[in-house]
file query_34.cif (mmCIF, C-alpha atoms)
data_protein
#
loop_
_atom_site.group_PDB
_atom_site.id
_atom_site.type_symbol
_atom_site.label_atom_id
_atom_site.label_comp_id
_atom_site.auth_asym_id
_atom_site.auth_seq_id
_atom_site.Cartn_x
_atom_site.Cartn_y
_atom_site.Cartn_z
ATOM 1 C CA MET A 1348 -3.477 22.670 4.445
ATOM 2 C CA SER A 1349 -1.712 19.438 5.339
ATOM 3 C CA ASP A 1350 -2.504 16.917 8.055
ATOM 4 C CA ALA A 1351 1.189 16.009 8.255
ATOM 5 C CA ALA A 1352 3.100 16.780 11.444
ATOM 6 C CA PRO A 1353 4.713 20.256 11.530
ATOM 7 C CA ILE A 1354 8.325 19.025 11.266
ATOM 8 C CA VAL A 1355 9.404 17.130 8.139
ATOM 9 C CA PHE A 1356 12.651 15.661 6.863
ATOM 10 C CA HIS A 1357 13.753 16.912 3.464
ATOM 11 C CA ASN A 1358 17.098 16.424 1.750
ATOM 12 C CA GLY A 1359 19.176 15.881 4.861
ATOM 13 C CA ALA A 1360 17.533 18.344 7.249
ATOM 14 C CA PHE A 1361 14.597 18.429 9.671
ATOM 15 C CA LEU A 1362 12.537 21.477 8.731
ATOM 16 C CA ASP A 1363 9.338 23.220 9.680
ATOM 17 C CA TYR A 1364 6.730 22.121 7.144
ATOM 18 C CA PRO A 1365 6.509 25.499 5.292
ATOM 19 C CA GLU A 1366 10.281 25.525 4.759
ATOM 20 C CA ALA A 1367 10.355 22.338 2.676
ATOM 21 C CA ARG A 1368 10.444 23.224 -1.020
ATOM 22 C CA VAL A 1369 10.556 21.266 -4.280
ATOM 23 C CA ASP A 1370 12.284 22.443 -7.469
ATOM 24 C CA VAL A 1371 9.881 23.201 -10.348
ATOM 25 C CA GLN A 1372 11.890 20.799 -12.555
ATOM 26 C CA GLU A 1373 11.848 18.002 -10.016
ATOM 27 C CA ARG A 1374 11.610 14.710 -11.947
ATOM 28 C CA GLY A 1375 9.298 13.300 -9.302
ATOM 29 C CA THR A 1376 6.790 15.964 -10.329
ATOM 30 C CA LEU A 1377 7.404 16.002 -14.078
ATOM 31 C CA PHE A 1378 7.814 12.247 -14.654
ATOM 32 C CA ALA A 1379 6.542 10.569 -11.442
ATOM 33 C CA ASP A 1380 10.179 9.447 -11.301
ATOM 34 C CA GLY A 1381 10.404 8.078 -7.785
ATOM 35 C CA VAL A 1382 9.241 5.549 -5.224
ATOM 36 C CA TYR A 1383 7.726 5.608 -1.752
ATOM 37 C CA GLU A 1384 6.938 3.604 1.387
ATOM 38 C CA VAL A 1385 4.603 3.988 4.372
ATOM 39 C CA VAL A 1386 5.567 2.600 7.786
ATOM 40 C CA ARG A 1387 3.153 2.384 10.684
ATOM 41 C CA PHE A 1388 4.288 3.246 14.218
ATOM 42 C CA ASP A 1389 2.224 2.180 17.224
ATOM 43 C CA GLN A 1390 3.254 3.202 20.737
ATOM 44 C CA GLY A 1391 6.538 4.359 19.233
ATOM 45 C CA ARG A 1392 7.298 0.974 17.633
ATOM 46 C CA PRO A 1393 7.367 0.426 13.861
ATOM 47 C CA PHE A 1394 5.635 -2.576 12.348
ATOM 48 C CA ALA A 1395 7.884 -4.742 10.149
ATOM 49 C CA MET A 1396 10.485 -2.011 9.658
ATOM 50 C CA GLN A 1397 13.065 -4.260 7.988
ATOM 51 C CA ALA A 1398 10.495 -5.558 5.518
ATOM 52 C CA HIS A 1399 9.700 -1.963 4.531
ATOM 53 C CA VAL A 1400 13.395 -1.110 4.163
ATOM 54 C CA ASP A 1401 13.929 -4.184 1.984
ATOM 55 C CA ARG A 1402 10.953 -3.396 -0.258
ATOM 56 C CA PHE A 1403 12.078 0.228 -0.542
ATOM 57 C CA ALA A 1404 15.477 -1.009 -1.727
ATOM 58 C CA ARG A 1405 13.815 -3.246 -4.337
ATOM 59 C CA SER A 1406 11.720 -0.336 -5.613
ATOM 60 C CA LEU A 1407 14.804 1.888 -5.910
ATOM 61 C CA ASP A 1408 16.588 -0.847 -7.844
ATOM 62 C CA GLY A 1409 13.490 -1.303 -9.988
ATOM 63 C CA ILE A 1410 13.676 2.269 -11.313
ATOM 64 C CA GLU A 1411 17.496 2.210 -11.403
ATOM 65 C CA LEU A 1412 17.859 4.984 -8.840
ATOM 66 C CA ALA A 1413 21.212 4.689 -7.083
ATOM 67 C CA GLY A 1414 22.961 6.651 -4.356
ATOM 68 C CA VAL A 1415 20.339 6.235 -1.607
ATOM 69 C CA ASP A 1416 20.737 4.102 1.530
ATOM 70 C CA PRO A 1417 17.255 2.813 2.479
ATOM 71 C CA ALA A 1418 18.493 1.722 5.937
ATOM 72 C CA LYS A 1419 18.880 5.377 6.982
ATOM 73 C CA PHE A 1420 15.145 5.931 6.651
ATOM 74 C CA SER A 1421 14.556 3.904 9.791
ATOM 75 C CA ASP A 1422 16.668 6.227 11.967
ATOM 76 C CA TRP A 1423 15.217 9.312 10.317
ATOM 77 C CA SER A 1424 11.693 8.004 10.957
ATOM 78 C CA HIS A 1425 12.341 7.516 14.672
ATOM 79 C CA GLU A 1426 13.854 10.987 14.975
ATOM 80 C CA LEU A 1427 10.972 12.520 13.030
ATOM 81 C CA LEU A 1428 8.509 11.063 15.536
ATOM 82 C CA GLU A 1429 10.590 12.332 18.456
ATOM 83 C CA ARG A 1430 10.774 15.843 17.029
ATOM 84 C CA ASN A 1431 7.004 15.856 16.494
ATOM 85 C CA GLU A 1432 6.321 14.219 19.885
ATOM 86 C CA LEU A 1433 4.360 11.406 18.235
ATOM 87 C CA THR A 1434 4.066 7.763 19.222
ATOM 88 C CA ASP A 1435 1.280 6.663 16.851
ATOM 89 C CA ALA A 1436 1.812 7.673 13.260
ATOM 90 C CA LYS A 1437 2.166 6.731 9.618
ATOM 91 C CA VAL A 1438 5.566 7.770 8.266
ATOM 92 C CA TYR A 1439 5.737 8.401 4.530
ATOM 93 C CA TRP A 1440 9.073 7.942 2.749
ATOM 94 C CA GLN A 1441 9.725 9.290 -0.731
ATOM 95 C CA VAL A 1442 12.750 9.300 -2.977
ATOM 96 C CA SER A 1443 12.595 10.948 -6.386
ATOM 97 C CA ARG A 1444 15.383 11.287 -8.911
ATOM 98 C CA GLY A 1445 15.671 14.991 -8.167
ATOM 99 C CA PRO A 1446 15.723 18.236 -10.131
ATOM 100 C CA ALA A 1447 17.103 18.236 -13.674
ATOM 101 C CA THR A 1448 16.378 19.879 -17.000
ATOM 102 C CA ARG A 1449 13.227 18.260 -18.364
ATOM 103 C CA ASP A 1450 14.409 15.468 -20.645
ATOM 104 C CA PHE A 1451 13.249 11.921 -21.297
ATOM 105 C CA LEU A 1452 16.862 10.806 -20.978
ATOM 106 C CA ILE A 1453 17.862 10.191 -17.374
ATOM 107 C CA SER A 1454 21.041 12.037 -16.460
ATOM 108 C CA ASP A 1455 23.685 10.576 -14.155
ATOM 109 C CA MET A 1456 24.253 14.077 -12.780
ATOM 110 C CA VAL A 1457 21.025 14.403 -10.789
ATOM 111 C CA THR A 1458 20.896 14.334 -6.987
ATOM 112 C CA PRO A 1459 17.998 12.341 -5.504
ATOM 113 C CA SER A 1460 15.436 14.187 -3.390
ATOM 114 C CA LEU A 1461 14.515 12.577 -0.048
ATOM 115 C CA THR A 1462 11.385 13.384 1.942
ATOM 116 C CA LEU A 1463 9.815 11.955 5.104
ATOM 117 C CA LEU A 1464 6.441 13.055 6.480
ATOM 118 C CA ALA A 1465 4.778 11.876 9.692
ATOM 119 C CA TYR A 1466 0.988 11.684 9.787
ATOM 120 C CA PRO A 1467 -0.530 11.321 13.267
ATOM 121 C CA ALA A 1468 -2.592 8.141 13.617
ATOM 122 C CA VAL A 1469 -5.337 7.089 16.011
ATOM 123 C CA PRO A 1470 -3.840 4.620 18.530
ATOM 124 C CA ILE A 1471 -4.773 0.995 17.879
ATOM 125 C CA GLU A 1472 -6.359 -0.996 20.692
ATOM 126 C CA ARG A 1473 -7.382 -4.634 20.897
ATOM 127 C CA GLY A 1474 -11.055 -5.107 20.276
ATOM 128 C CA VAL A 1475 -11.217 -2.362 17.630
ATOM 129 C CA PRO A 1476 -14.209 -3.188 15.401
ATOM 130 C CA LEU A 1477 -13.408 -4.491 11.950
ATOM 131 C CA LYS A 1478 -14.221 -1.964 9.232
ATOM 132 C CA SER A 1479 -16.399 -3.119 6.358
ATOM 133 C CA GLY A 1480 -18.015 -1.864 3.182
ATOM 134 C CA SER A 1481 -18.615 -2.391 -0.518
ATOM 135 C CA ALA A 1482 -16.070 -2.539 -3.332
ATOM 136 C CA LEU A 1483 -16.215 -1.628 -7.009
ATOM 137 C CA ILE A 1484 -14.407 -3.668 -9.690
ATOM 138 C CA VAL A 1485 -12.527 -1.516 -12.239
ATOM 139 C CA ASP A 1486 -10.143 -2.189 -15.121
ATOM 140 C CA ASP A 1487 -6.496 -2.375 -14.056
ATOM 141 C CA CYS A 1488 -4.892 0.090 -16.476
ATOM 142 C CA ARG A 1489 -1.648 0.600 -14.513
ATOM 143 C CA TRP A 1490 1.787 -0.208 -15.855
ATOM 144 C CA THR A 1491 2.987 -3.805 -15.619
ATOM 145 C CA ASN A 1492 5.669 -3.270 -12.944
ATOM 146 C CA CYS A 1493 3.188 -3.219 -10.068
ATOM 147 C CA TRP A 1494 5.835 -4.754 -7.773
ATOM 148 C CA ILE A 1495 7.530 -1.330 -7.692
ATOM 149 C CA LYS A 1496 5.981 1.063 -5.173
ATOM 150 C CA SER A 1497 6.057 3.880 -7.690
ATOM 151 C CA LEU A 1498 4.901 7.498 -7.488
ATOM 152 C CA MET A 1499 2.784 6.838 -10.620
ATOM 153 C CA LEU A 1500 -0.427 6.684 -8.619
ATOM 154 C CA LEU A 1501 -2.902 8.498 -10.870
ATOM 155 C CA PRO A 1502 -4.684 5.323 -12.128
ATOM 156 C CA ALA A 1503 -5.043 4.120 -8.534
ATOM 157 C CA SER A 1504 -6.205 7.547 -7.381
ATOM 158 C CA LEU A 1505 -8.819 7.758 -10.132
ATOM 159 C CA ALA A 1506 -10.046 4.244 -9.317
ATOM 160 C CA LYS A 1507 -10.253 4.980 -5.595
ATOM 161 C CA THR A 1508 -12.141 8.208 -6.262
ATOM 162 C CA ARG A 1509 -14.575 6.474 -8.607
ATOM 163 C CA ALA A 1510 -15.242 3.827 -5.952
ATOM 164 C CA HIS A 1511 -15.735 6.471 -3.258
ATOM 165 C CA ARG A 1512 -18.231 8.354 -5.399
ATOM 166 C CA ALA A 1513 -20.157 5.112 -5.862
ATOM 167 C CA GLY A 1514 -20.302 4.600 -2.100
ATOM 168 C CA ALA A 1515 -17.593 1.925 -1.948
ATOM 169 C CA VAL A 1516 -14.624 1.726 0.402
ATOM 170 C CA GLU A 1517 -12.208 0.365 -2.216
ATOM 171 C CA ALA A 1518 -11.726 -0.231 -5.930
ATOM 172 C CA ILE A 1519 -10.690 -3.748 -6.944
ATOM 173 C CA PHE A 1520 -8.549 -4.051 -10.058
ATOM 174 C CA GLU A 1521 -9.272 -6.587 -12.786
ATOM 175 C CA ARG A 1522 -6.617 -7.084 -15.465
ATOM 176 C CA ALA A 1523 -6.369 -8.732 -18.873
ATOM 177 C CA LYS A 1524 -2.807 -10.086 -18.882
ATOM 178 C CA PRO A 1525 -0.835 -10.739 -22.070
ATOM 179 C CA GLY A 1526 -1.347 -14.279 -23.329
ATOM 180 C CA VAL A 1527 -4.219 -15.020 -20.937
ATOM 181 C CA THR A 1528 -7.774 -15.293 -22.256
ATOM 182 C CA GLU A 1529 -9.600 -14.556 -18.985
ATOM 183 C CA LYS A 1530 -9.237 -11.485 -16.799
ATOM 184 C CA HIS A 1531 -7.820 -11.845 -13.307
ATOM 185 C CA ILE A 1532 -8.541 -9.973 -10.102
ATOM 186 C CA THR A 1533 -5.220 -8.466 -8.957
ATOM 187 C CA GLU A 1534 -5.497 -6.153 -5.915
ATOM 188 C CA GLY A 1535 -7.155 -3.038 -4.561
ATOM 189 C CA SER A 1536 -6.281 0.521 -5.550
ATOM 190 C CA ALA A 1537 -4.305 0.914 -2.307
ATOM 191 C CA THR A 1538 -4.546 -2.576 -0.824
ATOM 192 C CA ASN A 1539 -3.915 -6.270 -1.349
ATOM 193 C CA LEU A 1540 -7.001 -8.463 -1.653
ATOM 194 C CA PHE A 1541 -7.911 -11.807 -0.079
ATOM 195 C CA ALA A 1542 -10.849 -14.127 -0.684
ATOM 196 C CA VAL A 1543 -12.040 -16.987 1.526
ATOM 197 C CA ARG A 1544 -13.748 -20.111 0.163
ATOM 198 C CA GLY A 1545 -14.479 -23.194 2.225
ATOM 199 C CA GLY A 1546 -12.444 -21.793 5.112
ATOM 200 C CA GLU A 1547 -9.324 -21.427 2.925
ATOM 201 C CA LEU A 1548 -7.557 -18.201 2.019
ATOM 202 C CA PHE A 1549 -6.737 -17.066 -1.529
ATOM 203 C CA THR A 1550 -4.748 -14.085 -2.817
ATOM 204 C CA HIS A 1551 -3.071 -13.177 -6.098
ATOM 205 C CA PRO A 1552 0.522 -14.427 -6.417
ATOM 206 C CA ASP A 1553 3.332 -11.998 -5.649
ATOM 207 C CA ASP A 1554 4.528 -12.330 -9.250
ATOM 208 C CA GLY A 1555 5.019 -8.705 -10.255
ATOM 209 C CA TRP A 1556 1.399 -8.038 -11.199
ATOM 210 C CA VAL A 1557 0.660 -6.859 -7.640
ATOM 211 C CA LEU A 1558 2.625 -5.027 -4.979
ATOM 212 C CA GLY A 1559 4.062 -7.467 -2.470
ATOM 213 C CA GLY A 1560 2.341 -6.039 0.593
ATOM 214 C CA ILE A 1561 3.988 -6.123 4.018
ATOM 215 C CA THR A 1562 0.606 -6.692 5.680
ATOM 216 C CA ARG A 1563 -0.236 -9.282 3.008
ATOM 217 C CA ASP A 1564 2.850 -11.274 3.978
ATOM 218 C CA ALA A 1565 2.109 -10.841 7.688
ATOM 219 C CA LEU A 1566 -1.442 -12.146 7.242
ATOM 220 C CA LEU A 1567 -0.252 -15.171 5.266
ATOM 221 C CA LYS A 1568 2.102 -16.048 8.143
ATOM 222 C CA LEU A 1569 -0.654 -15.491 10.698
ATOM 223 C CA ALA A 1570 -2.991 -17.732 8.693
ATOM 224 C CA ASP A 1571 -0.392 -20.493 8.832
ATOM 225 C CA ARG A 1572 -0.094 -20.136 12.620
ATOM 226 C CA LEU A 1573 -3.873 -20.239 12.960
ATOM 227 C CA GLY A 1574 -4.142 -23.365 10.826
ATOM 228 C CA VAL A 1575 -5.934 -21.586 7.970
ATOM 229 C CA ALA A 1576 -4.874 -23.029 4.609
ATOM 230 C CA ALA A 1577 -3.614 -20.217 2.362
ATOM 231 C CA HIS A 1578 -3.049 -20.202 -1.393
ATOM 232 C CA ASP A 1579 -0.921 -17.494 -3.017
ATOM 233 C CA ASP A 1580 0.164 -19.462 -6.083
ATOM 234 C CA ARG A 1581 -2.678 -18.886 -8.528
ATOM 235 C CA PRO A 1582 -4.797 -15.908 -9.610
ATOM 236 C CA PHE A 1583 -8.587 -15.949 -9.700
ATOM 237 C CA THR A 1584 -11.369 -14.429 -11.762
ATOM 238 C CA ARG A 1585 -14.282 -12.109 -11.087
ATOM 239 C CA GLN A 1586 -16.557 -15.157 -10.955
ATOM 240 C CA ASP A 1587 -14.319 -16.726 -8.317
ATOM 241 C CA LEU A 1588 -14.436 -13.500 -6.321
ATOM 242 C CA LEU A 1589 -18.227 -13.225 -6.448
ATOM 243 C CA ALA A 1590 -18.525 -16.839 -5.284
ATOM 244 C CA ALA A 1591 -16.307 -16.224 -2.234
ATOM 245 C CA ASP A 1592 -17.574 -16.742 1.297
ATOM 246 C CA GLU A 1593 -15.554 -13.755 2.502
ATOM 247 C CA ILE A 1594 -13.459 -10.965 0.977
ATOM 248 C CA PHE A 1595 -11.166 -8.507 2.687
ATOM 249 C CA VAL A 1596 -8.474 -6.023 1.727
ATOM 250 C CA CYS A 1597 -5.410 -4.965 3.685
ATOM 251 C CA SER A 1598 -2.626 -2.401 3.732
ATOM 252 C CA THR A 1599 -0.104 -1.047 6.209
ATOM 253 C CA THR A 1600 -2.858 0.843 7.981
ATOM 254 C CA GLN A 1601 -5.939 -1.362 7.746
ATOM 255 C CA VAL A 1602 -7.837 -4.607 7.329
ATOM 256 C CA VAL A 1603 -11.282 -4.022 5.828
ATOM 257 C CA ALA A 1604 -13.992 -6.612 5.152
ATOM 258 C CA ILE A 1605 -15.705 -6.341 1.754
ATOM 259 C CA THR A 1606 -19.337 -7.270 2.258
ATOM 260 C CA SER A 1607 -20.644 -6.612 -1.265
ATOM 261 C CA ILE A 1608 -19.460 -5.882 -4.802
ATOM 262 C CA LEU A 1609 -21.197 -2.990 -6.490
ATOM 263 C CA GLY A 1610 -22.706 -3.584 -9.926
ATOM 264 C CA ASP A 1611 -22.957 -1.205 -12.861
ATOM 265 C CA ALA A 1612 -25.347 1.731 -12.665
ATOM 266 C CA ASP A 1613 -28.355 -0.388 -13.646
ATOM 267 C CA GLN A 1614 -27.419 -3.448 -11.598
ATOM 268 C CA PRO A 1615 -27.801 -4.161 -7.875
ATOM 269 C CA ALA A 1616 -24.880 -4.850 -5.559
ATOM 270 C CA HIS A 1617 -23.792 -8.469 -5.182
ATOM 271 C CA PRO A 1618 -23.632 -9.430 -1.484
ATOM 272 C CA ILE A 1619 -20.747 -11.592 -0.311
ATOM 273 C CA ALA A 1620 -22.294 -14.524 1.603
ATOM 274 C CA ASP A 1621 -24.693 -12.962 4.126
ATOM 275 C CA GLY A 1622 -23.310 -9.443 3.660
ATOM 276 C CA ARG A 1623 -21.412 -9.408 6.959
ATOM 277 C CA PRO A 1624 -17.707 -9.799 7.813
ATOM 278 C CA GLY A 1625 -16.839 -13.494 7.952
ATOM 279 C CA SER A 1626 -15.237 -15.519 10.711
ATOM 280 C CA VAL A 1627 -11.864 -16.036 8.993
ATOM 281 C CA THR A 1628 -11.587 -12.303 8.302
ATOM 282 C CA GLN A 1629 -12.441 -11.528 11.920
ATOM 283 C CA GLN A 1630 -9.901 -14.068 13.174
ATOM 284 C CA LEU A 1631 -7.092 -12.694 11.011
ATOM 285 C CA HIS A 1632 -7.981 -9.108 11.906
ATOM 286 C CA GLU A 1633 -7.689 -9.870 15.627
ATOM 287 C CA ALA A 1634 -4.409 -11.744 15.103
ATOM 288 C CA TYR A 1635 -3.058 -8.796 13.098
ATOM 289 C CA LEU A 1636 -3.928 -6.369 15.918
ATOM 290 C CA ASP A 1637 -2.162 -8.669 18.376
ATOM 291 C CA ALA A 1638 0.923 -8.712 16.133
ATOM 292 C CA ILE A 1639 0.999 -4.912 15.894
ATOM 293 C CA LEU A 1640 0.606 -4.480 19.643
ATOM 294 C CA ALA A 1641 2.963 -7.287 20.685
ATOM 295 C CA PRO A 1642 5.641 -6.010 23.109
#
call {"tool": "encode", "arguments": {"input": "query_34.cif", "output": "structure tokens"}}
result
Amino acid sequence: MSDAAPIVFHNGAFLDYPEARVDVQERGTLFADGVYEVVRFDQGRPFAMQAHVDRFARSLDGIELAGVDPAKFSDWSHELLERNELTDAKVYWQVSRGPATRDFLISDMVTPSLTLLAYPAVPIERGVPLKSGSALIVDDCRWTNCWIKSLMLLPASLAKTRAHRAGAVEAIFERAKPGVTEKHITEGSATNLFAVRGGELFTHPDDGWVLGGITRDALLKLADRLGVAAHDDRPFTRQDLLAADEIFVCSTTQVVAITSILGDADQPAHPIADGRPGSVTQQLHEAYLDAILAP
């Protein structure tokens, strides 16, 4: 069973969910040959739609998939919500290279497959409590083109599942980069990560080793407006993370405070500061809600 809305968009048509079908030789299935986006709608209004369209275009270029106009996904998203009578939703966009005889060589004769799904969301209201929980640090074994929002999500899915089974709300990736002696913290399995030290904000550079998050960019701009110094020009280590006063993760759908880092099976969790969401995190969370709900 799916929690998606009953009407979907698939390859040029709005269909009842059971009518949407995928070819057994679809390259998105056989090779994870495709990209995706998720856009949040609140009270019928999308958040940062153009930024999502632009990133979608970059991802398509990144896998050399031509013949798709990302701008059309905005209109299709609005119509999908209307047909499903939704005002608060997450709209999932996917483009895969399409069905073709299974071959490692990419044919120019394939026709891309386009899919949009709307997932009903709980309406956001000001004053919503900030979510919080523990995180688990795991090795970042993904490919190096993390700036592409690719369908190759198995490493992230495995990491997220491992964290969940350990009682954590997110897995935090740590990567050994070529030519660098120390490992760096990159991002979460489905989020970007921020740390706060001395009232200043730190996040991994948008240099290809992380996905350039739409909410990440929004929070950096909000920090500037709030007078919070922000640094996105240098990566940091596990030791830097554990010494932080505050940690939080963010995505299109959430801001979550990380109040402790889980240790290995025989080690206790490491609390972040006093083990409660910090003031900078709270301030940015409230400013983010205001931005989403702005008329």
call {"tool": "resolve_selection", "arguments": {"input": "query_34.cif", "expression": "the PyMOL selection byres ((chain A and resi 1366-1379) around 8)", "output": "CSV table (one decimal) with C-alpha atoms, in the frame of the given file"}}
result
chain,number,residue,atom,x,y,z
A,1355,VAL,CA,9.4,17.1,8.1
A,1357,HIS,CA,13.8,16.9,3.5
A,1362,LEU,CA,12.5,21.5,8.7
A,1363,ASP,CA,9.3,23.2,9.7
A,1364,TYR,CA,6.7,22.1,7.1
A,1365,PRO,CA,6.5,25.5,5.3
A,1380,ASP,CA,10.2,9.4,-11.3
A,1381,GLY,CA,10.4,8.1,-7.8
A,1443,SER,CA,12.6,10.9,-6.4
A,1444,ARG,CA,15.4,11.3,-8.9
A,1445,GLY,CA,15.7,15.0,-8.2
A,1446,PRO,CA,15.7,18.2,-10.1
A,1447,ALA,CA,17.1,18.2,-13.7
A,1448,THR,CA,16.4,19.9,-17.0
A,1449,ARG,CA,13.2,18.3,-18.4
A,1497,SER,CA,6.1,3.9,-7.7
A,1498,LEU,CA,4.9,7.5,-7.5
A,1499,MET,CA,2.8,6.8,-10.6
call {"tool": "resolve_selection", "arguments": {"input": "query_34.cif", "expression": "the PyMOL selection byres ((chain A and resi 1581-1598) around 6)", "output": "VMD selection string"}}
result
chain A and resid 1531 to 1532 1538 to 1544 1551 to 1552 1562 1579 to 1580 1599 to 1605 1620 1625
call {"tool": "atom_distance", "arguments": {"input": "query_34.cif", "atom1": "atom CA of A:Asp1422", "atom2": "atom CA of A:Ala1398"}}
result
14.8 Å
call {"tool": "atom_distance", "arguments": {"input": "query_34.cif", "atom1": "atom CA of A:Arg1392", "atom2": "atom CA of A:Trp1440"}}
result
16.5 Å
call {"tool": "atom_distance", "arguments": {"input": "query_34.cif", "atom1": "atom CA of A:Arg1489", "atom2": "atom CA of A:Glu1384"}}
result
18.3 Å
call {"tool": "residues_around", "arguments": {"input": "query_34.cif", "residues": "stretch 1425-1431 of chain A", "least_positions_apart": "2", "cutoff": "10 Å", "atoms": "all atoms listed in the file", "output": "list in words"}}
result
Ala1352, Pro1353, Ile1354, Val1355, Phe1356, Phe1361, Phe1388, Gly1391, Arg1392, Pro1393, Phe1420, Ser1421, Asp1422, Trp1423, Leu1433, Thr1434, Asp1435, Ala1436, Lys1437, Val1438, Leu1463, Leu1464, Ala1465, Tyr1466 and Pro1467 of chain A
call {"tool": "closest_residue", "arguments": {"input": "query_34.cif", "among": "A:Thr1606, A:Leu1569, A:Leu1548, A:Gly1474", "to": "A:Ala1515", "atoms": "only C-alpha atoms"}}
result
A:Thr1606
call {"tool": "residues_around", "arguments": {"input": "query_34.cif", "residues": "A:Val1475", "least_positions_apart": "6", "cutoff": "12 Å", "atoms": "all atoms listed in the file", "output": "PyMOL selection string"}}
result
chain A and resi 1469+1601-1603+1629+1632-1637
call {"tool": "closest_residue", "arguments": {"input": "query_34.cif", "among": "A:Asp1401, A:Glu1521, A:Glu1472, A:Asp1455", "to": "A:Trp1556", "atoms": "all atoms listed in the file"}}
result
A:Glu1521
call {"tool": "residues_around", "arguments": {"input": "query_34.cif", "residues": "A:Ala1576", "least_positions_apart": "6", "cutoff": "8 Å", "atoms": "all atoms listed in the file", "output": "ChimeraX atom specification"}}
result
/A:1546-1548,1570
call {"tool": "axis_aligned_box", "arguments": {"input": "query_34.cif", "around": "stretch 1610-1624 of chain A", "padding_each_side": "3 Å", "output": "JSON"}}
result
{"center_x": -23.0, "center_y": -6.4, "center_z": -2.9, "size_x": 16.6, "size_y": 22.3, "size_z": 27.5}
call {"tool": "residues_around", "arguments": {"input": "query_34.cif", "residues": "A:Pro1417", "least_positions_apart": "4", "cutoff": "7 Å", "atoms": "only C-alpha atoms", "output": "count of residues only"}}
result
3
call {"tool": "closest_residue", "arguments": {"input": "query_34.cif", "among": "A:Ala1468, A:Gly1622, A:Val1385, A:Ser1481", "to": "A:Arg1512", "atoms": "only C-alpha atoms"}}
result
A:Ser1481
call {"tool": "closest_residue", "arguments": {"input": "query_34.cif", "among": "A:Gly1414, A:Pro1502, A:Gly1610, A:Gly1480", "to": "A:Val1457", "atoms": "all atoms listed in the file"}}
result
A:Gly1414
call {"tool": "closest_residue", "arguments": {"input": "query_34.cif", "among": "A:Glu1432, A:Gln1390, A:Val1415, A:Ser1626", "to": "A:Gly1545", "atoms": "all atoms listed in the file"}}
result
A:Ser1626
call {"tool": "closest_residue", "arguments": {"input": "query_34.cif", "among": "A:Leu1631, A:Asp1613, A:Phe1520, A:Ser1536", "to": "A:Lys1568", "atoms": "all atoms listed in the file"}}
result
A:Leu1631
